[in-house]
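Okay, so here's the structure we're looking at.
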2 protein chains.
Amino acid sequence: MKIKEKIASLRHEMTIKGLDAYIVLSTDPHQGEYIPEKWQARQWLSGFTGSAGTLIVTQFFAGLWTDSRYFIQAEEELKNAGIELVKLVIPHTPEFIEWLVNNLSENSRVGVDAKVVSSSLFEMMTNAFVKKKIQLSGEYDLVDKIWENRPELPENVVFEHDVKYAGIARNDKLNRIRALMNTKGADYHLICTLDDIAWTLNLRGQDVMYNPVFVSYLLIGKLDAYLFVQIEKLDNEIKDKLKSDNIKILAYNDLEELLPGIIAGNKVLLQLAKTNEWISGLVRKNAKLIDGQNIPVLLKSIKNPIELEHTRKVMEKDGVAMVRFFIWLESAIKNSVVDEFTCGEKIAFFRSQMPGYFGESFSPIVAYAGHGAIVHYSAKPDTAYNLKSEGILLIDSGGQYVDGTTDITRTISLGNPAEKQKMHFTLVLKGHIRVAMAKFPYGTKGFHLDTLARLDLWANQLNYGHGTGHGVGFFLNVHEGPQGISPNPAVNQVFESDMITSNEPGLYIEGQYGIRIENLILSKELSDKEGGPFLEFETLTLFPIDLNLVDSKLLDASEKIWLNKYHTEVYDRLSAYLNEDERLWLQSKTFPI
Amino acid sequence: MKIKEKIASLRHEMTIKGLDAYIVLSTDPHQGEYIPEKWQARQWLSGFTGSAGTLIVTQFFAGLWTDSRYFIQAEEELKNAGIELVKLVIPHTPEFIEWLVNNLSENSRVGVDAKVVSSSLFEMMTNAFVKKKIQLSGEYDLVDKIWENRPELPENVVFEHDVKYAGIARNDKLNRIRALMNTKGADYHLICTLDDIAWTLNLRGQDVMYNPVFVSYLLIGKLDAYLFVQIEKLDNEIKDKLKSDNIKILAYNDLEELLPGIIAGNKVLLQLAKTNEWISGLVRKNAKLIDGQNIPVLLKSIKNPIELEHTRKVMEKDGVAMVRFFIWLESAIKNSVVDEFTCGEKIAFFRSQMPGYFGESFSPIVAYAGHGAIVHYSAKPDTAYNLKSEGILLIDSGGQYVDGTTDITRTISLGNPAEKQKMHFTLVLKGHIRVAMAKFPYGTKGFHLDTLARLDLWANQLNYGHGTGHGVGFFLNVHEGPQGISPNPAVNQVFESDMITSNEPGLYIEGQYGIRIENLILSKELSDKEGGPFLEFETLTLFPIDLNLVDSKLLDASEKIWLNKYHTEVYDRLSAYLNEDERLWLQSKTFPI
């Protein structure tokens, strides 16, 4: 079916249902970052393949709202589809709501699939529609009616994440969650987010890209728990283990039938922003709903000692893979034609040689010269640049290992950096070091620390347009809340001891190059408590920062000490795993300045 | 009447009205920082004289909620009054609401004076009470019934603030406000806040301490305006001028009778957080209420070129007064007995000798040694410390002049500072300089900049418990919104060009000393716009920073340059007004380091 035909079919269904507008979102029932094919309805219907976008269809209009990352791509992909590109003014905001209010007449009826819209967004829309008496209905998954050969639910096997890695047994995690449910007066806690479920149950899956999670819902009671999942994904060993922890395994598609009976008359804690409206409706109808953050969110962000021990080892493995990749790259550029896309594959290859490798933690960004200034650049085989022995190359990549998750960005000179490039790189490095060296009182949040990364850039009237850091999971999502380092005060989580966060300031010169320096850092309470509790960061990631791009005149004494100490640690901890050639290469990259 | 008798009378009135609890707040109808005596009902009823506190009375309980600044004072003042001190966990929060919900039975009735409770607080209480079906009534000013000889409304004259100082004519201000009303679809804008009214009308008064404002309400229409004020406060000249700007003068006490007719059926913009519930009720009943920030708030925070020209001159006057005070102080300590309280009076005296002086802009803080660690210390004649030729003295004071408002804190050594004291002072100074030298992109808010002031303290596991800066009025309130520098993201205003803000980091060592260094700073757009709009600060305040307390080893080159440049400017701009002795004194305080 062509896009125009699909839209026409949708309009036909809308007429049958008496809907004046229909909203097709990019989300799935679990509000995840990566979406199984089954729920890529917006992509199937519109032809637009970007990760973020909302399609609105009326009888006379079809429009796709997306942000500036995707303007060029969307224009291309929507050509001849009869769908207008609507450019978001502020990224990640539901600006389509205002459009609906302004363009629909009073008493219009709007439809959306309740199974994929979060309750928070549903409520926001309902409130906005009141003034025009527009009625929002979540009953209709209209796309399902016209989507022939719609993909099935993913059916990949679920596997155990051994407690020797996870550090805390499943039942202990459940009991910690139950203790916190109790403080909130909740009889049940319903969790829809896949990483929270995977963490709680010490299980992993492969249902979506990059995130080792599996499609399911988890309902935790005071003594028991219920996992709604395609049962055939679990082998008998896992089933037995779950049963012995008093977790009942129920079919994913039986939730609608079984949930109401289990929770009837009880108090159910769930997070409206992370629960689809269909589920919230089931809860509201049969129980008392308590809105609150999913309890595993904070628990899993605070890494336990076993996880941290593994993480430090994983950083060594990942560092070794990076050493081998960069040695390959240096030689390959001299001896053959290498493009950005090939580099991404080669990084994954070198990681895959390390024990415990599971996959990449996100699609690698290999961005040469002007491509580096496109923050979310993703190389495609046919448009990738070939690398030359000059200019600046930015590589942002990460791995999933059973014993940890990595995320590292390095920016290197391929030859003859200009003074201005070195100045820019060194200003970014100063921000990176300022965050790495920061001490701060307990109570400090990401928006307090974000400025540290920008201070030296600001002094030169430079800045970058993204946050400075995100939380990172443990063999889980590379983007994990609740903490982060960002100018946005909505990232409102206090830094606790033992959280892993990225530290990745950057600078982007349009058409010329991008610079970003990213390590993962661990917040830790300082032993000396004289002035009340204070925290500091330990840098976890181990790989040299390109000294060819450092203008050491711009670094002060303490920054040089930090850099030299870091490079000493990188060399000391990686060299044991390297052969003689590799060791010499690493030594040449970690000379003191 | 003794306190116990007053409380008994109140309980009697409560019984007559069928109220189970009565709330007595510290606010007045205009939600100001300083309250005319007429509205100091909480103080009259409880005997507690602190600026912040809420009294709750039931038939079996009377309690006063206040914050840690006032715990000792409240305990003293409430002794034998039958009123329990309830200590706030978080300052400035209405924790009494939770107490009422927990301690009243279902269907209880609670009273509060609608004329002094803000609509925001009223709504917050109403929402909190719903779950217990507690009914909140704003009809009752019960204290009025028992308060014999209650003070009248203040009747001080209102005077013109000449446009040669104000910079923009009254009618031009009204028209700018009207243009912004139009963008919000408002027919009328009702303003209850006295500084916004004074600024808009280029009028000043003396109805409260320190803030040159007068009690009134202002209603601005599309072509006309209505000032509700005690008419006898205005002389004929002002009346004529107001009339010629199409402003009708109506009696303050006629508002209830006249407002409904004027606004009937129209759209009225007002700020619920700054409007009392009595007025909001009148508006809701007769018109459509639009909630939004009072328009003069942002307009008056952006100083016009005339105001800035005067401000720079006022800083010179204030600096000269400070020079004379500190010369007096140095000599007085050597030759006689001087205490903290006397110093405060002497500062006001030296300011009063300068042209255009109107009064102090707040109660001066003169805090010697351990008193300095009490952030809100206020010296009383009978408990003030005598100053000795040793230790650390903190002085925070400011003046109101017809051509501007000042606020300055200096911390000086009275002899032989210890190394640790110098270290502490220098760390505070580094934070002060970091803010003063900051450049930052347009869009930056106070919670982004606040960290700059703390960074060097944090590195030594030190911190301070107050914000770093507040907006300052122009011959108006020394505490003026909407911008500020604070870790609190609720201070959410972007820095605009031409805002005046204080820069006052500190450090407080309990029982030993307090350190604070405060200058006023002006945000200004940088002329070079290469990287998008950026701003920087110009330091306005002119007075030396005590070099005896500076450990220059702790300052980097750029900080020394800033300090020397600042001291050069202080000397250059003040010396013209000084006699030879004063000039020599100033020279000795501004030597380059």
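For the structure tokens, the naming scheme is as follows: chains receive sequential letters (A, B, ...) according to their order of presentation, residues are indexed from 1 within each chain, and ligands are indexed from 1 in presentation order.
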Output as a Markdown table one row per residue of chain B within 12 Å of chain A: the closest atom pair and its distance in Å to one decimal place, counting only C-alpha atoms, sorted by chain and residue number ascending.
| residue | atom | partner | partner_atom | distance |
| --- | --- | --- | --- | --- |
| B:Arg434 | CA | A:Leu455 | CA | 9.9 |
| B:Val435 | CA | A:Leu455 | CA | 10.8 |
| B:Met437 | CA | A:Ala459 | CA | 8.7 |
| B:Ala438 | CA | A:Ala459 | CA | 6.9 |
| B:Lys439 | CA | A:Ala459 | CA | 5.3 |
| B:Phe440 | CA | A:Trp458 | CA | 5.4 |
| B:Pro441 | CA | A:Trp458 | CA | 7.0 |
| B:Tyr442 | CA | A:Gln461 | CA | 10.6 |
| B:Gly443 | CA | A:Pro487 | CA | 10.2 |
| B:Thr444 | CA | A:Pro487 | CA | 8.7 |
| B:Lys445 | CA | A:Pro487 | CA | 9.3 |
| B:Gly446 | CA | A:His448 | CA | 10.0 |
| B:Phe447 | CA | A:His448 | CA | 6.6 |
| B:His448 | CA | A:Thr451 | CA | 5.9 |
| B:Leu449 | CA | A:Thr451 | CA | 7.1 |
| B:Asp450 | CA | A:His448 | CA | 7.5 |
| B:Thr451 | CA | A:His448 | CA | 5.9 |
| B:Leu452 | CA | A:Leu452 | CA | 7.8 |
| B:Ala453 | CA | A:His448 | CA | 11.2 |
| B:Arg454 | CA | A:Phe440 | CA | 8.9 |
| B:Leu455 | CA | A:Ala438 | CA | 8.0 |
| B:Asp456 | CA | A:Lys439 | CA | 9.3 |
| B:Leu457 | CA | A:Phe440 | CA | 9.1 |
| B:Trp458 | CA | A:Phe440 | CA | 5.4 |
| B:Ala459 | CA | A:Lys439 | CA | 5.3 |
| B:Asn460 | CA | A:Lys439 | CA | 8.1 |
| B:Gln461 | CA | A:Gly531 | CA | 5.6 |
| B:Leu462 | CA | A:Gly531 | CA | 5.8 |
| B:Asn463 | CA | A:Pro441 | CA | 7.7 |
| B:Tyr464 | CA | A:Gly531 | CA | 10.3 |
| B:Gly465 | CA | A:Pro441 | CA | 11.2 |
| B:Ile485 | CA | A:His448 | CA | 11.6 |
| B:Ser486 | CA | A:His448 | CA | 9.9 |
| B:Pro487 | CA | A:His448 | CA | 7.0 |
| B:Asn488 | CA | A:Pro489 | CA | 9.4 |
| B:Pro489 | CA | A:Pro489 | CA | 6.4 |
| B:Ala490 | CA | A:Pro489 | CA | 9.2 |
| B:Val491 | CA | A:Pro489 | CA | 10.9 |
| B:Asn492 | CA | A:Pro489 | CA | 9.5 |
| B:Leu507 | CA | A:Gly531 | CA | 11.5 |
| B:Tyr508 | CA | A:Gly531 | CA | 11.3 |
| B:Ile509 | CA | A:Gly531 | CA | 10.4 |
| B:Glu510 | CA | A:Gly531 | CA | 11.8 |
| B:Glu525 | CA | A:Gln461 | CA | 11.6 |
| B:Leu526 | CA | A:Gln461 | CA | 9.3 |
| B:Ser527 | CA | A:Gln461 | CA | 11.2 |
| B:Asp528 | CA | A:Gln461 | CA | 8.7 |
| B:Lys529 | CA | A:Gln461 | CA | 8.1 |
| B:Glu530 | CA | A:Gln461 | CA | 7.5 |
| B:Gly531 | CA | A:Gln461 | CA | 5.5 |
| B:Gly532 | CA | A:Gln461 | CA | 7.9 |
| B:Pro533 | CA | A:Gln461 | CA | 8.5 |
| B:Phe534 | CA | A:Gln461 | CA | 6.6 |
| B:Leu535 | CA | A:Gln461 | CA | 9.1 |
| B:Glu536 | CA | A:Ala459 | CA | 9.4 |
| B:Asp556 | CA | A:Asp556 | CA | 9.6 |
| B:Ala557 | CA | A:Asp556 | CA | 10.8 |
| B:Ser558 | CA | A:Asp556 | CA | 11.9 |
When you look at Gln59 in chain A with a cut-off of 12 Å (counting only C-alpha atoms), what residues show up, excluding the ones that are within fewer than 4 positions of it in the same chain? I need them as a CSV table (one decimal) with N, CA, C and O atoms, in the first residue's frame.
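File result-v6.csv, as written:
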chain,number,residue,atom,x,y,z
A,7,ILE,N,-3.3,6.5,4.2
A,7,ILE,CA,-4.0,7.7,4.8
A,7,ILE,C,-5.5,7.7,4.4
A,7,ILE,O,-6.3,8.0,5.3
A,8,ALA,N,-5.7,7.4,3.2
A,8,ALA,CA,-7.1,7.3,2.7
A,8,ALA,C,-7.9,6.2,3.5
A,8,ALA,O,-9.0,6.5,4.0
A,9,SER,N,-7.3,5.1,3.7
A,9,SER,CA,-7.9,4.0,4.5
A,9,SER,C,-8.2,4.5,5.9
A,9,SER,O,-9.2,4.2,6.5
A,10,LEU,N,-7.2,5.2,6.5
A,10,LEU,CA,-7.4,5.7,7.8
A,10,LEU,C,-8.6,6.6,7.9
A,10,LEU,O,-9.4,6.6,8.8
A,11,ARG,N,-8.6,7.5,6.9
A,11,ARG,CA,-9.7,8.5,6.9
A,11,ARG,C,-11.1,7.8,6.8
A,11,ARG,O,-12.1,8.2,7.4
A,12,HIS,N,-11.1,6.7,6.1
A,12,HIS,CA,-12.3,5.9,6.0
A,12,HIS,C,-12.7,5.4,7.3
A,12,HIS,O,-13.9,5.5,7.8
A,13,GLU,N,-11.7,4.8,8.0
A,13,GLU,CA,-12.0,4.3,9.4
A,13,GLU,C,-12.5,5.4,10.3
A,13,GLU,O,-13.3,5.2,11.2
A,14,MET,N,-11.8,6.6,10.2
A,14,MET,CA,-12.2,7.7,11.0
A,14,MET,C,-13.7,8.1,10.8
A,14,MET,O,-14.4,8.4,11.8
A,15,THR,N,-14.1,8.0,9.6
A,15,THR,CA,-15.5,8.4,9.2
A,15,THR,C,-16.4,7.4,9.9
A,15,THR,O,-17.4,7.8,10.5
A,18,GLY,N,-16.6,8.2,13.4
A,18,GLY,CA,-17.1,9.5,13.7
A,18,GLY,C,-16.0,10.4,14.4
A,18,GLY,O,-16.2,11.2,15.2
A,19,LEU,N,-14.7,10.2,13.9
A,19,LEU,CA,-13.6,10.9,14.4
A,19,LEU,C,-13.2,12.1,13.5
A,19,LEU,O,-13.1,11.8,12.3
A,20,ASP,N,-13.0,13.3,14.0
A,20,ASP,CA,-12.6,14.4,13.2
A,20,ASP,C,-11.0,14.5,13.0
A,20,ASP,O,-10.5,15.1,12.1
A,21,ALA,N,-10.3,13.9,14.0
A,21,ALA,CA,-8.9,13.8,13.9
A,21,ALA,C,-8.4,12.6,14.5
A,21,ALA,O,-9.0,12.1,15.5
A,22,TYR,N,-7.2,12.1,14.0
A,22,TYR,CA,-6.6,10.9,14.6
A,22,TYR,C,-5.1,11.2,14.8
A,22,TYR,O,-4.5,11.7,14.0
A,63,GLY,N,-0.4,15.9,8.8
A,63,GLY,CA,0.8,16.6,9.2
A,63,GLY,C,1.7,15.8,10.1
A,63,GLY,O,1.2,15.0,10.9
A,104,LEU,N,-9.5,22.5,15.1
A,104,LEU,CA,-10.8,21.7,15.1
A,104,LEU,C,-11.9,22.6,15.6
A,104,LEU,O,-11.7,23.6,16.3
A,110,VAL,N,-11.6,13.4,18.7
A,110,VAL,CA,-10.3,13.1,18.4
A,110,VAL,C,-10.0,11.7,18.9
A,110,VAL,O,-10.3,11.4,20.0
Inset, instruction - Report as a PyMOL selection string: the residues of range 308-501 of chain B with a DSSP assignment of strand (DSSP E), based on the backbone of this structure. - result: chain B and resi 357-360+365-368+392-397+399-401+404-405+408-413+439-441+469-470+484-485+500-501
Legend entry - range 569-574 of chain B environment, 9 Å, only C-alpha atoms, sequence neighbours closer than 2 positions dropped, as an NGL selection string: :B and (316-317 or 319-320 or 323 or 541-544 or 564-567 or 576-578 or 583 or 586-587 or 589-590)
If you count only C-alpha atoms, which residues fall within 8 Å of range 253-257 of chain B, apart from same-chain ones fewer than 3 positions away, as a PDB file with N, CA, C and O atoms, in the first residue's frame?
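Result file out_26.pdb:
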ATOM      1  N   PHE B 228      -6.990  53.174  43.656  1.00  0.00           N
ATOM      2  CA  PHE B 228      -7.726  53.134  44.924  1.00  0.00           C
ATOM      3  C   PHE B 228      -6.742  53.430  46.044  1.00  0.00           C
ATOM      4  O   PHE B 228      -5.840  52.643  46.323  1.00  0.00           O
ATOM      5  N   VAL B 229      -6.906  54.579  46.683  1.00  0.00           N
ATOM      6  CA  VAL B 229      -5.924  55.068  47.653  1.00  0.00           C
ATOM      7  C   VAL B 229      -6.657  55.998  48.626  1.00  0.00           C
ATOM      8  O   VAL B 229      -7.720  56.529  48.283  1.00  0.00           O
ATOM      9  N   GLN B 230      -6.115  56.188  49.823  1.00  0.00           N
ATOM     10  CA  GLN B 230      -6.723  57.208  50.688  1.00  0.00           C
ATOM     11  C   GLN B 230      -6.459  58.558  50.035  1.00  0.00           C
ATOM     12  O   GLN B 230      -5.302  59.007  49.961  1.00  0.00           O
ATOM     13  N   LEU B 250      -9.837  56.981  43.334  1.00  0.00           N
ATOM     14  CA  LEU B 250     -10.993  56.507  44.105  1.00  0.00           C
ATOM     15  C   LEU B 250     -10.527  56.127  45.507  1.00  0.00           C
ATOM     16  O   LEU B 250      -9.340  55.820  45.707  1.00  0.00           O
ATOM     17  N   PRO B 260     -16.470  45.989  41.039  1.00  0.00           N
ATOM     18  CA  PRO B 260     -17.321  45.084  40.237  1.00  0.00           C
ATOM     19  C   PRO B 260     -17.980  45.786  39.051  1.00  0.00           C
ATOM     20  O   PRO B 260     -18.041  45.229  37.950  1.00  0.00           O
ATOM     21  N   GLY B 261     -18.432  47.002  39.260  1.00  0.00           N
ATOM     22  CA  GLY B 261     -19.099  47.722  38.174  1.00  0.00           C
ATOM     23  C   GLY B 261     -18.152  48.059  37.042  1.00  0.00           C
ATOM     24  O   GLY B 261     -18.518  47.990  35.865  1.00  0.00           O
ATOM     25  N   LEU B 282     -13.900  38.948  44.052  1.00  0.00           N
ATOM     26  CA  LEU B 282     -14.667  40.026  43.405  1.00  0.00           C
ATOM     27  C   LEU B 282     -14.525  39.948  41.890  1.00  0.00           C
ATOM     28  O   LEU B 282     -15.488  40.156  41.147  1.00  0.00           O
TER      29      LEU B 282
END
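Residues in contact with Leu476 in chain A at 7 Å, where only C-alpha atoms are counted and same-chain residues fewer than 4 positions away are skipped, are listed as Asp195, Asn211, Pro212 and Thr405 of chain A.
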Inset, instruction - Write down as a PyMOL selection string the residues of range 269-504 of chain A whose backbone DSSP state falls under helix (DSSP H, G or I). - result: chain A and resi 272-274+277-286+295-301+305-335+340-352+369-373+419-437+446-459
Inset, instruction - May I ask which of the residues A:Glu580, A:Asp141, A:Glu76, A:Glu390 is the closest one to Lys334 in chain A, counting only C-alpha atoms? - result: A:Glu390
Inset, instruction - Name the residues in contact with range 240-248 of chain A at a cut-off of 8 Å, using only C-alpha atoms, excluding same-chain residues fewer than 3 positions from it; report them as JSON, numbers by chain. - result: {"A": [170, 171, 223, 224, 225, 226, 227, 236, 237]}
Kindly export the residues of the current selection with N, CA, C and O atoms, as a compact mmCIF listing (two decimals), in the first residue's frame.
# COMPACT_ATOMS: atom_id res chain seq x y z
N ARG A 170 17.01 -11.52 42.92
CA ARG A 170 15.67 -11.09 42.51
C ARG A 170 14.75 -10.85 43.71
O ARG A 170 14.10 -9.82 43.84
N ASN A 171 14.73 -11.82 44.60
CA ASN A 171 13.81 -11.72 45.72
C ASN A 171 14.18 -10.57 46.67
O ASN A 171 13.31 -9.90 47.23
N LEU A 223 3.25 -9.86 48.72
CA LEU A 223 3.95 -11.14 48.91
C LEU A 223 4.24 -11.83 47.58
O LEU A 223 5.18 -12.60 47.47
N ASP A 224 3.43 -11.52 46.59
CA ASP A 224 3.59 -12.19 45.31
C ASP A 224 3.90 -11.16 44.21
O ASP A 224 4.01 -9.97 44.48
N ALA A 225 4.02 -11.65 42.99
CA ALA A 225 4.20 -10.76 41.85
C ALA A 225 3.68 -11.47 40.61
O ALA A 225 3.52 -12.70 40.61
N TYR A 226 3.36 -10.70 39.58
CA TYR A 226 2.77 -11.24 38.35
C TYR A 226 3.54 -10.68 37.16
O TYR A 226 3.63 -9.46 37.00
N LEU A 227 4.11 -11.56 36.36
CA LEU A 227 4.81 -11.14 35.15
C LEU A 227 3.95 -11.49 33.95
O LEU A 227 3.67 -12.67 33.70
N ASN A 236 12.12 -23.56 30.99
CA ASN A 236 11.60 -24.12 32.24
C ASN A 236 12.42 -23.72 33.46
O ASN A 236 11.89 -23.52 34.54
N GLU A 237 13.72 -23.58 33.25
CA GLU A 237 14.59 -23.22 34.38
C GLU A 237 14.19 -21.86 34.93
O GLU A 237 14.03 -21.67 36.14
Would you pick out the contacts of Met181 in chain B at 10 Å or less, using only C-alpha atoms, so that residues sharing its chain but fewer than 3 positions from it are not included, and give the list as a JSON list (two decimals) with N, CA, C and O atoms, in the first residue's frame?
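Result went into around-v4.json, see below:
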[["chain", "number", "residue", "atom", "x", "y", "z"],
["B", 175, "ASN", "N", 1.12, 52.91, 28.83],
["B", 175, "ASN", "CA", 0.87, 52.44, 27.47],
["B", 175, "ASN", "C", 1.69, 51.19, 27.14],
["B", 175, "ASN", "O", 1.23, 50.32, 26.40],
["B", 176, "ARG", "N", 2.89, 51.10, 27.71],
["B", 176, "ARG", "CA", 3.66, 49.86, 27.52],
["B", 176, "ARG", "C", 2.93, 48.69, 28.18],
["B", 176, "ARG", "O", 2.90, 47.58, 27.66],
["B", 177, "ILE", "N", 2.38, 48.96, 29.37],
["B", 177, "ILE", "CA", 1.62, 47.90, 30.06],
["B", 177, "ILE", "C", 0.40, 47.51, 29.24],
["B", 177, "ILE", "O", 0.08, 46.33, 29.08],
["B", 178, "ARG", "N", -0.27, 48.52, 28.70],
["B", 178, "ARG", "CA", -1.49, 48.24, 27.91],
["B", 178, "ARG", "C", -1.17, 47.39, 26.68],
["B", 178, "ARG", "O", -1.94, 46.49, 26.31],
["B", 184, "LYS", "N", -2.16, 39.54, 25.94],
["B", 184, "LYS", "CA", -2.73, 38.50, 26.79],
["B", 184, "LYS", "C", -4.27, 38.52, 26.75],
["B", 184, "LYS", "O", -4.92, 37.82, 27.52],
["B", 185, "GLY", "N", -4.82, 39.34, 25.90],
["B", 185, "GLY", "CA", -6.27, 39.41, 25.77],
["B", 185, "GLY", "C", -6.97, 40.00, 26.97],
["B", 185, "GLY", "O", -8.13, 39.70, 27.24],
["B", 186, "ALA", "N", -6.28, 40.86, 27.73],
["B", 186, "ALA", "CA", -6.88, 41.42, 28.95],
["B", 186, "ALA", "C", -7.45, 42.81, 28.69],
["B", 186, "ALA", "O", -6.83, 43.65, 28.04],
["B", 187, "ASP", "N", -8.66, 43.04, 29.22],
["B", 187, "ASP", "CA", -9.26, 44.38, 29.15],
["B", 187, "ASP", "C", -8.76, 45.23, 30.31],
["B", 187, "ASP", "O", -8.65, 46.45, 30.21],
["B", 188, "TYR", "N", -8.54, 44.58, 31.45],
["B", 188, "TYR", "CA", -8.05, 45.29, 32.64],
["B", 188, "TYR", "C", -6.89, 44.52, 33.26],
["B", 188, "TYR", "O", -6.80, 43.29, 33.12],
["B", 189, "HIS", "N", -6.03, 45.24, 33.95],
["B", 189, "HIS", "CA", -4.94, 44.61, 34.71],
["B", 189, "HIS", "C", -5.04, 45.16, 36.13],
["B", 189, "HIS", "O", -4.93, 46.37, 36.35],
["B", 220, "ILE", "N", -5.73, 49.00, 35.72],
["B", 220, "ILE", "CA", -5.39, 49.65, 34.45],
["B", 220, "ILE", "C", -6.32, 49.14, 33.36],
["B", 220, "ILE", "O", -6.44, 47.93, 33.15],
["B", 221, "GLY", "N", -7.00, 50.06, 32.71],
["B", 221, "GLY", "CA", -7.87, 49.71, 31.59],
["B", 221, "GLY", "C", -7.20, 50.05, 30.27],
["B", 221, "GLY", "O", -6.05, 50.49, 30.24],
["B", 222, "LYS", "N", -7.94, 49.86, 29.18],
["B", 222, "LYS", "CA", -7.35, 50.06, 27.86],
["B", 222, "LYS", "C", -7.03, 51.54, 27.60],
["B", 222, "LYS", "O", -6.10, 51.85, 26.87],
["B", 268, "VAL", "N", -9.94, 40.26, 33.12],
["B", 268, "VAL", "CA", -9.06, 40.96, 34.04],
["B", 268, "VAL", "C", -7.81, 40.11, 34.33],
["B", 268, "VAL", "O", -7.91, 38.99, 34.83],
["B", 269, "LEU", "N", -6.66, 40.67, 34.00],
["B", 269, "LEU", "CA", -5.39, 40.00, 34.29],
["B", 269, "LEU", "C", -4.95, 40.33, 35.70],
["B", 269, "LEU", "O", -4.92, 41.52, 36.09],
["B", 294, "ASN", "N", 2.20, 39.98, 37.20],
["B", 294, "ASN", "CA", 1.96, 41.42, 37.08],
["B", 294, "ASN", "C", 2.92, 41.98, 36.03],
["B", 294, "ASN", "O", 4.14, 41.76, 36.10],
["B", 295, "ILE", "N", 2.36, 42.70, 35.06],
["B", 295, "ILE", "CA", 3.19, 43.15, 33.94],
["B", 295, "ILE", "C", 4.35, 44.05, 34.38],
["B", 295, "ILE", "O", 5.45, 43.94, 33.86]]
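When only C-alpha atoms are used to compute distances to Phe159 in chain A, the closest of the residues A:Leu219, A:Ile392, A:Ile249, A:Leu234 turns out to be A:Leu234.
If you look at CA of Ile290 in chain A and CA of Asn276 in chain A, they are 14.6 Å away from each other.
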